[in-house]
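J.: PDB, C-alpha atoms, file input.pdb:
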```
ATOM      1  CA  MET A   1      51.533  48.010  22.207  1.00  0.00           C
ATOM      2  CA  GLY A   2      52.676  50.723  19.852  1.00  0.00           C
ATOM      3  CA  GLU A   3      54.959  53.711  20.531  1.00  0.00           C
ATOM      4  CA  GLY A   4      55.501  57.045  18.767  1.00  0.00           C
ATOM      5  CA  MET A   5      58.030  59.891  19.163  1.00  0.00           C
ATOM      6  CA  LYS A   6      57.278  63.592  18.788  1.00  0.00           C
ATOM      7  CA  ARG A   7      59.938  66.282  18.846  1.00  0.00           C
ATOM      8  CA  GLU A   8      59.248  69.870  19.858  1.00  0.00           C
ATOM      9  CA  LYS A   9      61.640  72.781  20.047  1.00  0.00           C
ATOM     10  CA  LYS A  10      61.623  74.999  23.097  1.00  0.00           C
ATOM     11  CA  GLY A  11      64.210  77.730  23.194  1.00  0.00           C
ATOM     12  CA  LYS A  12      67.694  76.422  22.622  1.00  0.00           C
ATOM     13  CA  GLY A  13      66.999  72.910  23.784  1.00  0.00           C
ATOM     14  CA  GLU A  14      64.785  70.204  22.367  1.00  0.00           C
ATOM     15  CA  LEU A  15      61.909  68.584  24.139  1.00  0.00           C
ATOM     16  CA  PHE A  16      61.050  65.023  23.317  1.00  0.00           C
ATOM     17  CA  LEU A  17      57.530  63.836  23.979  1.00  0.00           C
ATOM     18  CA  CYS A  18      56.926  60.124  24.083  1.00  0.00           C
ATOM     19  CA  LEU A  19      53.502  59.073  22.884  1.00  0.00           C
ATOM     20  CA  VAL A  20      52.457  55.645  24.009  1.00  0.00           C
ATOM     21  CA  TYR A  21      49.534  53.706  22.476  1.00  0.00           C
ATOM     22  CA  VAL A  22      48.063  50.919  24.557  1.00  0.00           C
ATOM     23  CA  ASN A  23      46.014  48.237  22.762  1.00  0.00           C
ATOM     24  CA  PRO A  24      42.910  47.550  24.890  1.00  0.00           C
ATOM     25  CA  HIS A  25      42.833  43.971  23.538  1.00  0.00           C
ATOM     26  CA  PRO A  26      46.426  42.713  23.761  1.00  0.00           C
ATOM     27  CA  HIS A  27      45.483  39.207  22.636  1.00  0.00           C
ATOM     28  CA  TYR A  28      44.015  40.355  19.349  1.00  0.00           C
ATOM     29  CA  SER A  29      45.456  42.128  16.399  1.00  0.00           C
ATOM     30  CA  SER A  30      44.458  45.724  15.918  1.00  0.00           C
ATOM     31  CA  VAL A  31      43.260  44.770  12.459  1.00  0.00           C
ATOM     32  CA  PRO A  32      40.078  42.662  12.664  1.00  0.00           C
ATOM     33  CA  PRO A  33      40.297  39.359  10.770  1.00  0.00           C
ATOM     34  CA  SER A  34      38.291  38.900   7.607  1.00  0.00           C
ATOM     35  CA  PRO A  35      35.127  36.853   8.161  1.00  0.00           C
ATOM     36  CA  LEU A  36      35.202  33.205   7.029  1.00  0.00           C
ATOM     37  CA  PRO A  37      32.846  32.245   4.223  1.00  0.00           C
ATOM     38  CA  SER A  38      29.699  30.542   5.488  1.00  0.00           C
ATOM     39  CA  PRO A  39      29.193  26.940   4.351  1.00  0.00           C
ATOM     40  CA  PRO A  40      26.638  26.368   1.580  1.00  0.00           C
ATOM     41  CA  ARG A  41      23.154  25.386   2.691  1.00  0.00           C
ATOM     42  CA  PHE A  42      21.183  22.643   0.981  1.00  0.00           C
ATOM     43  CA  PRO A  43      17.437  22.133   1.489  1.00  0.00           C
ATOM     44  CA  LEU A  44      17.633  18.597   2.905  1.00  0.00           C
ATOM     45  CA  LEU A  45      14.452  16.794   3.950  1.00  0.00           C
ATOM     46  CA  PRO A  46      14.699  15.561   7.563  1.00  0.00           C
ATOM     47  CA  PHE A  47      15.220  11.806   7.658  1.00  0.00           C
ATOM     48  CA  PRO A  48      12.377  10.988  10.093  1.00  0.00           C
ATOM     49  CA  THR A  49       9.837  12.809   7.911  1.00  0.00           C
ATOM     50  CA  PHE A  50      11.088  11.061   4.782  1.00  0.00           C
ATOM     51  CA  SER A  51      10.937   7.682   6.539  1.00  0.00           C
ATOM     52  CA  LYS A  52       7.323   8.269   7.623  1.00  0.00           C
ATOM     53  CA  GLN A  53       6.309   9.163   4.076  1.00  0.00           C
ATOM     54  CA  VAL A  54       7.890   6.000   2.681  1.00  0.00           C
ATOM     55  CA  MET A  55       6.250   3.792   5.305  1.00  0.00           C
ATOM     56  CA  ALA A  56       2.848   5.425   4.715  1.00  0.00           C
ATOM     57  CA  SER A  57       3.208   4.838   0.972  1.00  0.00           C
ATOM     58  CA  GLU A  58       4.078   1.162   1.483  1.00  0.00           C
ATOM     59  CA  ALA A  59       1.203   0.781   3.940  1.00  0.00           C
ATOM     60  CA  GLU A  60      -1.207   2.245   1.392  1.00  0.00           C
ATOM     61  CA  LYS A  61      -0.078  -0.311  -1.195  1.00  0.00           C
ATOM     62  CA  THR A  62      -0.735  -3.110   1.301  1.00  0.00           C
ATOM     63  CA  PHE A  63      -4.119  -1.530   2.076  1.00  0.00           C
ATOM     64  CA  GLN A  64      -5.019  -1.608  -1.633  1.00  0.00           C
ATOM     65  CA  ARG A  65      -3.984  -5.249  -2.046  1.00  0.00           C
ATOM     66  CA  PHE A  66      -6.164  -6.334   0.857  1.00  0.00           C
ATOM     67  CA  ALA A  67      -9.028  -4.028  -0.196  1.00  0.00           C
ATOM     68  CA  VAL A  68      -9.451  -5.804  -3.561  1.00  0.00           C
ATOM     69  CA  PHE A  69      -8.928  -9.318  -2.182  1.00  0.00           C
ATOM     70  CA  GLY A  70     -12.034 -11.350  -3.057  1.00  0.00           C
ATOM     71  CA  GLU A  71     -13.805  -8.183  -4.205  1.00  0.00           C
ATOM     72  CA  SER A  72     -13.837  -8.017  -8.008  1.00  0.00           C
ATOM     73  CA  SER A  73     -15.793  -4.748  -8.015  1.00  0.00           C
ATOM     74  CA  SER A  74     -13.453  -2.955  -5.566  1.00  0.00           C
ATOM     75  CA  SER A  75     -11.103  -0.228  -6.832  1.00  0.00           C
ATOM     76  CA  GLY A  76      -8.773  -0.582  -3.833  1.00  0.00           C
ATOM     77  CA  THR A  77      -9.573   2.835  -2.369  1.00  0.00           C
ATOM     78  CA  GLU A  78     -11.969   1.503   0.292  1.00  0.00           C
ATOM     79  CA  MET A  79     -11.960  -1.590   2.499  1.00  0.00           C
ATOM     80  CA  ASN A  80     -14.798  -3.559   4.088  1.00  0.00           C
ATOM     81  CA  ASN A  81     -14.835  -5.013   7.592  1.00  0.00           C
ATOM     82  CA  LYS A  82     -14.052  -8.566   6.441  1.00  0.00           C
ATOM     83  CA  ASN A  83     -10.873  -7.574   4.601  1.00  0.00           C
ATOM     84  CA  PHE A  84      -9.921  -5.163   7.397  1.00  0.00           C
ATOM     85  CA  SER A  85      -9.981  -8.062   9.865  1.00  0.00           C
ATOM     86  CA  LYS A  86      -7.999 -10.218   7.430  1.00  0.00           C
ATOM     87  CA  LEU A  87      -5.320  -7.526   7.086  1.00  0.00           C
ATOM     88  CA  CYS A  88      -5.015  -7.210  10.870  1.00  0.00           C
ATOM     89  CA  LYS A  89      -4.676 -10.989  11.189  1.00  0.00           C
ATOM     90  CA  ASP A  90      -2.310 -11.632   8.253  1.00  0.00           C
ATOM     91  CA  CYS A  91       0.001  -8.726   9.185  1.00  0.00           C
ATOM     92  CA  GLY A  92       0.236  -9.710  12.849  1.00  0.00           C
ATOM     93  CA  ILE A  93      -1.562  -6.637  14.190  1.00  0.00           C
ATOM     94  CA  MET A  94      -4.222  -8.855  15.749  1.00  0.00           C
ATOM     95  CA  ASP A  95      -2.298 -11.201  18.022  1.00  0.00           C
ATOM     96  CA  GLY A  96      -5.249 -12.556  20.022  1.00  0.00           C
ATOM     97  CA  LYS A  97      -3.891 -11.152  23.292  1.00  0.00           C
ATOM     98  CA  THR A  98      -3.362  -7.389  23.250  1.00  0.00           C
ATOM     99  CA  VAL A  99      -5.473  -6.993  20.106  1.00  0.00           C
ATOM    100  CA  THR A 100      -8.425  -9.337  19.587  1.00  0.00           C
ATOM    101  CA  SER A 101     -10.999  -9.740  16.817  1.00  0.00           C
ATOM    102  CA  THR A 102     -13.478  -7.854  19.007  1.00  0.00           C
ATOM    103  CA  ASP A 103     -11.072  -4.905  19.254  1.00  0.00           C
ATOM    104  CA  VAL A 104     -10.712  -4.891  15.477  1.00  0.00           C
ATOM    105  CA  ASP A 105     -14.482  -4.835  14.893  1.00  0.00           C
ATOM    106  CA  ILE A 106     -15.030  -2.079  17.456  1.00  0.00           C
ATOM    107  CA  VAL A 107     -12.330   0.169  15.972  1.00  0.00           C
ATOM    108  CA  PHE A 108     -13.625  -0.396  12.428  1.00  0.00           C
ATOM    109  CA  SER A 109     -17.142   0.699  13.462  1.00  0.00           C
ATOM    110  CA  LYS A 110     -15.686   3.700  15.287  1.00  0.00           C
ATOM    111  CA  VAL A 111     -13.673   5.177  12.402  1.00  0.00           C
ATOM    112  CA  LYS A 112     -16.071   4.525   9.504  1.00  0.00           C
ATOM    113  CA  ALA A 113     -18.603   7.109   8.418  1.00  0.00           C
ATOM    114  CA  LYS A 114     -22.183   6.755   9.600  1.00  0.00           C
ATOM    115  CA  ASN A 115     -24.163   4.184   7.568  1.00  0.00           C
ATOM    116  CA  ALA A 116     -20.987   3.345   5.593  1.00  0.00           C
ATOM    117  CA  ARG A 117     -19.794  -0.234   5.117  1.00  0.00           C
ATOM    118  CA  THR A 118     -16.242   0.572   4.096  1.00  0.00           C
ATOM    119  CA  ILE A 119     -13.381   2.809   5.240  1.00  0.00           C
ATOM    120  CA  THR A 120     -10.891   4.930   3.301  1.00  0.00           C
ATOM    121  CA  PHE A 121      -7.117   4.841   3.801  1.00  0.00           C
ATOM    122  CA  SER A 122      -7.312   8.010   5.913  1.00  0.00           C
ATOM    123  CA  GLU A 123      -9.854   6.344   8.230  1.00  0.00           C
ATOM    124  CA  PHE A 124      -7.715   3.210   8.155  1.00  0.00           C
ATOM    125  CA  GLN A 125      -4.755   5.171   9.563  1.00  0.00           C
ATOM    126  CA  GLU A 126      -6.892   6.409  12.447  1.00  0.00           C
ATOM    127  CA  ALA A 127      -7.902   2.813  13.163  1.00  0.00           C
ATOM    128  CA  MET A 128      -4.262   1.705  13.088  1.00  0.00           C
ATOM    129  CA  LYS A 129      -3.305   4.412  15.592  1.00  0.00           C
ATOM    130  CA  GLU A 130      -5.805   3.026  18.075  1.00  0.00           C
ATOM    131  CA  LEU A 131      -4.921  -0.609  17.489  1.00  0.00           C
ATOM    132  CA  GLY A 132      -1.222   0.271  17.480  1.00  0.00           C
ATOM    133  CA  GLN A 133      -1.437   1.701  20.985  1.00  0.00           C
ATOM    134  CA  LYS A 134      -2.974  -1.558  22.153  1.00  0.00           C
ATOM    135  CA  ARG A 135      -0.439  -3.644  20.252  1.00  0.00           C
ATOM    136  CA  PHE A 136       2.584  -1.525  21.274  1.00  0.00           C
ATOM    137  CA  LYS A 137       1.823  -0.287  24.773  1.00  0.00           C
ATOM    138  CA  GLY A 138       3.828   2.676  26.049  1.00  0.00           C
ATOM    139  CA  LYS A 139       4.373   4.134  22.577  1.00  0.00           C
ATOM    140  CA  SER A 140       2.991   7.460  21.371  1.00  0.00           C
ATOM    141  CA  PRO A 141       0.232   7.306  18.719  1.00  0.00           C
ATOM    142  CA  ASN A 142       2.701   8.219  15.949  1.00  0.00           C
ATOM    143  CA  GLU A 143       5.331   5.714  17.121  1.00  0.00           C
ATOM    144  CA  ALA A 144       2.699   3.002  17.402  1.00  0.00           C
ATOM    145  CA  LEU A 145       1.495   3.796  13.878  1.00  0.00           C
ATOM    146  CA  GLU A 146       5.060   3.492  12.532  1.00  0.00           C
ATOM    147  CA  ASN A 147       5.440   0.082  14.155  1.00  0.00           C
ATOM    148  CA  VAL A 148       2.135  -1.049  12.629  1.00  0.00           C
ATOM    149  CA  PHE A 149       3.273   0.148   9.193  1.00  0.00           C
ATOM    150  CA  LYS A 150       6.456  -1.923   9.605  1.00  0.00           C
ATOM    151  CA  LEU A 151       4.319  -5.019  10.210  1.00  0.00           C
ATOM    152  CA  MET A 152       2.317  -4.258   7.040  1.00  0.00           C
ATOM    153  CA  GLU A 153       5.294  -3.618   4.770  1.00  0.00           C
ATOM    154  CA  GLY A 154       5.321  -5.897   1.713  1.00  0.00           C
ATOM    155  CA  LYS A 155       2.511  -8.135   2.986  1.00  0.00           C
ATOM    156  CA  ASP A 156      -0.037  -9.808   0.686  1.00  0.00           C
ATOM    157  CA  PRO A 157      -3.348 -11.478   1.565  1.00  0.00           C
ATOM    158  CA  ALA A 158      -2.696 -15.052   2.684  1.00  0.00           C
ATOM    159  CA  THR A 159      -4.462 -17.778   0.696  1.00  0.00           C
ATOM    160  CA  THR A 160      -3.707 -20.623   3.121  1.00  0.00           C
ATOM    161  CA  GLY A 161      -6.894 -22.518   3.910  1.00  0.00           C
ATOM    162  CA  VAL A 162      -8.811 -21.112   0.947  1.00  0.00           C
ATOM    163  CA  THR A 163     -10.694 -23.878  -0.899  1.00  0.00           C
ATOM    164  CA  LYS A 164      -9.573 -24.242  -4.508  1.00  0.00           C
ATOM    165  CA  ALA A 165     -11.253 -26.134  -7.334  1.00  0.00           C
ATOM    166  CA  THR A 166      -9.598 -29.446  -8.124  1.00  0.00           C
ATOM    167  CA  THR A 167      -9.454 -31.211 -11.474  1.00  0.00           C
ATOM    168  CA  VAL A 168      -8.021 -34.533 -10.363  1.00  0.00           C
ATOM    169  CA  GLY A 169      -9.445 -37.775  -9.067  1.00  0.00           C
ATOM    170  CA  GLY A 170     -13.213 -38.185  -8.937  1.00  0.00           C
ATOM    171  CA  VAL A 171     -13.916 -34.575  -9.971  1.00  0.00           C
ATOM    172  CA  ASP A 172     -12.077 -35.020 -13.255  1.00  0.00           C
ATOM    173  CA  ARG A 173     -13.937 -38.230 -14.022  1.00  0.00           C
ATOM    174  CA  LEU A 174     -17.352 -36.764 -13.208  1.00  0.00           C
ATOM    175  CA  THR A 175     -16.807 -33.677 -15.373  1.00  0.00           C
ATOM    176  CA  ASP A 176     -15.577 -35.586 -18.453  1.00  0.00           C
ATOM    177  CA  THR A 177     -18.563 -35.338 -20.851  1.00  0.00           C
ATOM    178  CA  SER A 178     -17.078 -37.956 -23.196  1.00  0.00           C
ATOM    179  CA  LYS A 179     -17.859 -40.609 -20.571  1.00  0.00           C
ATOM    180  CA  TYR A 180     -21.501 -39.585 -20.128  1.00  0.00           C
ATOM    181  CA  THR A 181     -24.171 -42.097 -21.187  1.00  0.00           C
ATOM    182  CA  GLY A 182     -27.922 -42.128 -21.773  1.00  0.00           C
ATOM    183  CA  THR A 183     -29.846 -38.859 -21.659  1.00  0.00           C
ATOM    184  CA  HIS A 184     -26.893 -37.022 -20.078  1.00  0.00           C
ATOM    185  CA  LYS A 185     -24.803 -37.716 -23.166  1.00  0.00           C
ATOM    186  CA  GLU A 186     -27.413 -36.046 -25.385  1.00  0.00           C
ATOM    187  CA  ARG A 187     -27.022 -32.761 -23.519  1.00  0.00           C
ATOM    188  CA  PHE A 188     -23.463 -32.168 -24.794  1.00  0.00           C
ATOM    189  CA  ASP A 189     -21.834 -32.091 -28.222  1.00  0.00           C
ATOM    190  CA  GLU A 190     -18.538 -33.803 -29.133  1.00  0.00           C
ATOM    191  CA  SER A 191     -16.440 -30.871 -27.828  1.00  0.00           C
ATOM    192  CA  GLY A 192     -18.152 -31.033 -24.429  1.00  0.00           C
ATOM    193  CA  LYS A 193     -20.171 -27.873 -24.943  1.00  0.00           C
ATOM    194  CA  GLY A 194     -23.768 -27.939 -23.719  1.00  0.00           C
ATOM    195  CA  LYS A 195     -26.523 -27.944 -26.341  1.00  0.00           C
ATOM    196  CA  GLY A 196     -28.806 -25.754 -24.303  1.00  0.00           C
ATOM    197  CA  ILE A 197     -32.554 -26.326 -24.577  1.00  0.00           C
ATOM    198  CA  ALA A 198     -32.034 -28.721 -27.481  1.00  0.00           C
ATOM    199  CA  GLY A 199     -30.232 -31.077 -25.149  1.00  0.00           C
ATOM    200  CA  ARG A 200     -32.929 -30.946 -22.467  1.00  0.00           C
ATOM    201  CA  GLU A 201     -36.174 -31.182 -24.451  1.00  0.00           C
ATOM    202  CA  GLU A 202     -37.418 -33.431 -27.227  1.00  0.00           C
ATOM    203  CA  VAL A 203     -37.702 -31.394 -30.413  1.00  0.00           C
ATOM    204  CA  THR A 204     -40.358 -32.707 -32.839  1.00  0.00           C
ATOM    205  CA  ASP A 205     -39.044 -33.407 -36.341  1.00  0.00           C
ATOM    206  CA  ASN A 206     -41.598 -32.062 -38.847  1.00  0.00           C
ATOM    207  CA  SER A 207     -39.462 -32.566 -41.941  1.00  0.00           C
ATOM    208  CA  GLY A 208     -41.531 -35.548 -43.153  1.00  0.00           C
ATOM    209  CA  TYR A 209     -38.654 -37.992 -43.104  1.00  0.00           C
ATOM    210  CA  VAL A 210     -38.633 -41.091 -40.954  1.00  0.00           C
ATOM    211  CA  SER A 211     -36.550 -41.075 -37.780  1.00  0.00           C
ATOM    212  CA  GLY A 212     -32.884 -41.802 -38.395  1.00  0.00           C
ATOM    213  CA  TYR A 213     -33.006 -41.019 -42.176  1.00  0.00           C
ATOM    214  CA  LYS A 214     -29.727 -39.399 -43.185  1.00  0.00           C
ATOM    215  CA  GLY A 215     -30.621 -38.255 -46.666  1.00  0.00           C
ATOM    216  CA  SER A 216     -32.776 -35.339 -45.540  1.00  0.00           C
ATOM    217  CA  GLY A 217     -32.586 -32.440 -47.993  1.00  0.00           C
ATOM    218  CA  THR A 218     -30.797 -34.328 -50.751  1.00  0.00           C
ATOM    219  CA  TYR A 219     -33.843 -34.611 -53.065  1.00  0.00           C
ATOM    220  CA  ASP A 220     -34.010 -30.894 -53.804  1.00  0.00           C
ATOM    221  CA  LYS A 221     -30.303 -30.867 -54.662  1.00  0.00           C
ATOM    222  CA  LYS A 222     -30.716 -33.735 -57.145  1.00  0.00           C
ATOM    223  CA  THR A 223     -33.744 -32.288 -58.964  1.00  0.00           C
ATOM    224  CA  SER A 224     -32.200 -28.831 -59.272  1.00  0.00           C
ATOM    225  CA  LYS A 225     -29.333 -30.165 -61.439  1.00  0.00           C
TER     226      LYS A 225
END
```
Now that the file is in, can you turn its structure into structure tokens?

T.:
Amino acid sequence: MGEGMKREKKGKGELFLCLVYVNPHPHYSSVPPSPLPSPPRFPLLPFPTFSKQVMASEAEKTFQRFAVFGESSSSGTEMNNKNFSKLCKDCGIMDGKTVTSTDVDIVFSKVKAKNARTITFSEFQEAMKELGQKRFKGKSPNEALENVFKLMEGKDPATTGVTKATTVGGVDRLTDTSKYTGTHKERFDESGKGKGIAGREEVTDNSGYVSGYKGSGTYDKKTSK
């Protein structure tokens, strides 16, 4: 509250007028405070979005590793039904209860293009959304897909049970050409390399020398000196 005094003269006497100022907001100063500086803003990427991008990238790498497994001509951008089933099994998506091999085959046929034998990574994600909802019941399609991507993270095609060539025991003995006898021995040279048709057919010697003669071609060398 502020007060002011004003003096006026009236005749011989003096008249004092009291001017009173009443602040309508007694709890605040009559002078408004200066505004506080606003905090700086940084364009931060929301964490959930960033996490989804990372998981999708890791899932695509796993997709590529399984896509080229056993397929020397594959570039890793498309996957066939056999490797799709293997990925679902090796990554634990197909558990035999909520998700079976039949479910996997049905979803693969559903998402692939007509008359196509392979699927792209985009089609693969659609397949994983469907299988994810079976595997993780009660989850939304996006949540189920995230859980599937977690199962796929860092996984490689399993080689357990795959038959490998062995070079020990009887196989090693049977493939050692130095131990071959008879006509089989004639089919290979000293290094073990096959002679081709020369080792399978009798080639007639028309040189004029008797069989087993080792001096073939030496006469011309002697007479030329």

J.: Could you tell me how far CA of Lys112 (chain A) lies from CA of Ala59 (chain A), in Å and to one decimal?

T.: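 Atom-to-atom, CA of Lys112 (chain A) to CA of Ala59 (chain A), that is 18.5 Å.
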
J.: Quick check on the file I pasted: which residues fall under the PyMOL selection byres ((chain A and resi 134) around 10)? Write them as a PyMOL selection string.

T.: chain A and resi 93-94+97-100+103+128-133+135-139+144

J.: Rounded to one decimal place, report the CA of Ser74 (chain A)-CA of Lys110 (chain A) distance in Å.

T.: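 Value for the CA of Ser74 (chain A)-CA of Lys110 (chain A) distance: 22.0 Å.
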
J.: Nearest residue to Asp90 (chain A) out of A:Arg187, A:Gly154, A:Ser57, A:Leu145, using all atoms listed in the file?

T.: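 That would be A:Gly154, the residue with the smallest distance to Asp90 (chain A).
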
J.: Between CA of Cys91 (chain A) and CA of Val148 (chain A), measure the distance and give it in Å to one decimal.

T.: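 These atoms are spaced 8.7 Å apart.
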
J.: Identify all residues satisfying the PyMOL selection byres ((chain A and resi 124) around 10) in the given file; provide them as a list of chain:residue names.

T.: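 Taken on the displayed file, the PyMOL selection byres ((chain A and resi 124) around 10) yields the residues A:Glu60, A:Phe63, A:Glu78, A:Met79, A:Phe84, A:Val107, A:Phe108, A:Val111, A:Lys112, A:Thr118, A:Ile119, A:Thr120, A:Phe121, A:Ser122, A:Glu123, A:Gln125, A:Glu126, A:Ala127, A:Met128, A:Lys129.
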
J.: Identify all residues satisfying the PyMOL selection byres ((chain A and resi 156) around 10) in the given file; provide them as a ChimeraX atom specification.

T.: /A:61-66,69,87,90-91,152-155,157-159

J.: Would you mind telling me which residue in A:Lys86, A:Thr102, A:Glu146, A:Asn80 lies nearest to Gln53 (chain A) when using only C-alpha atoms?

T.: A:Glu146
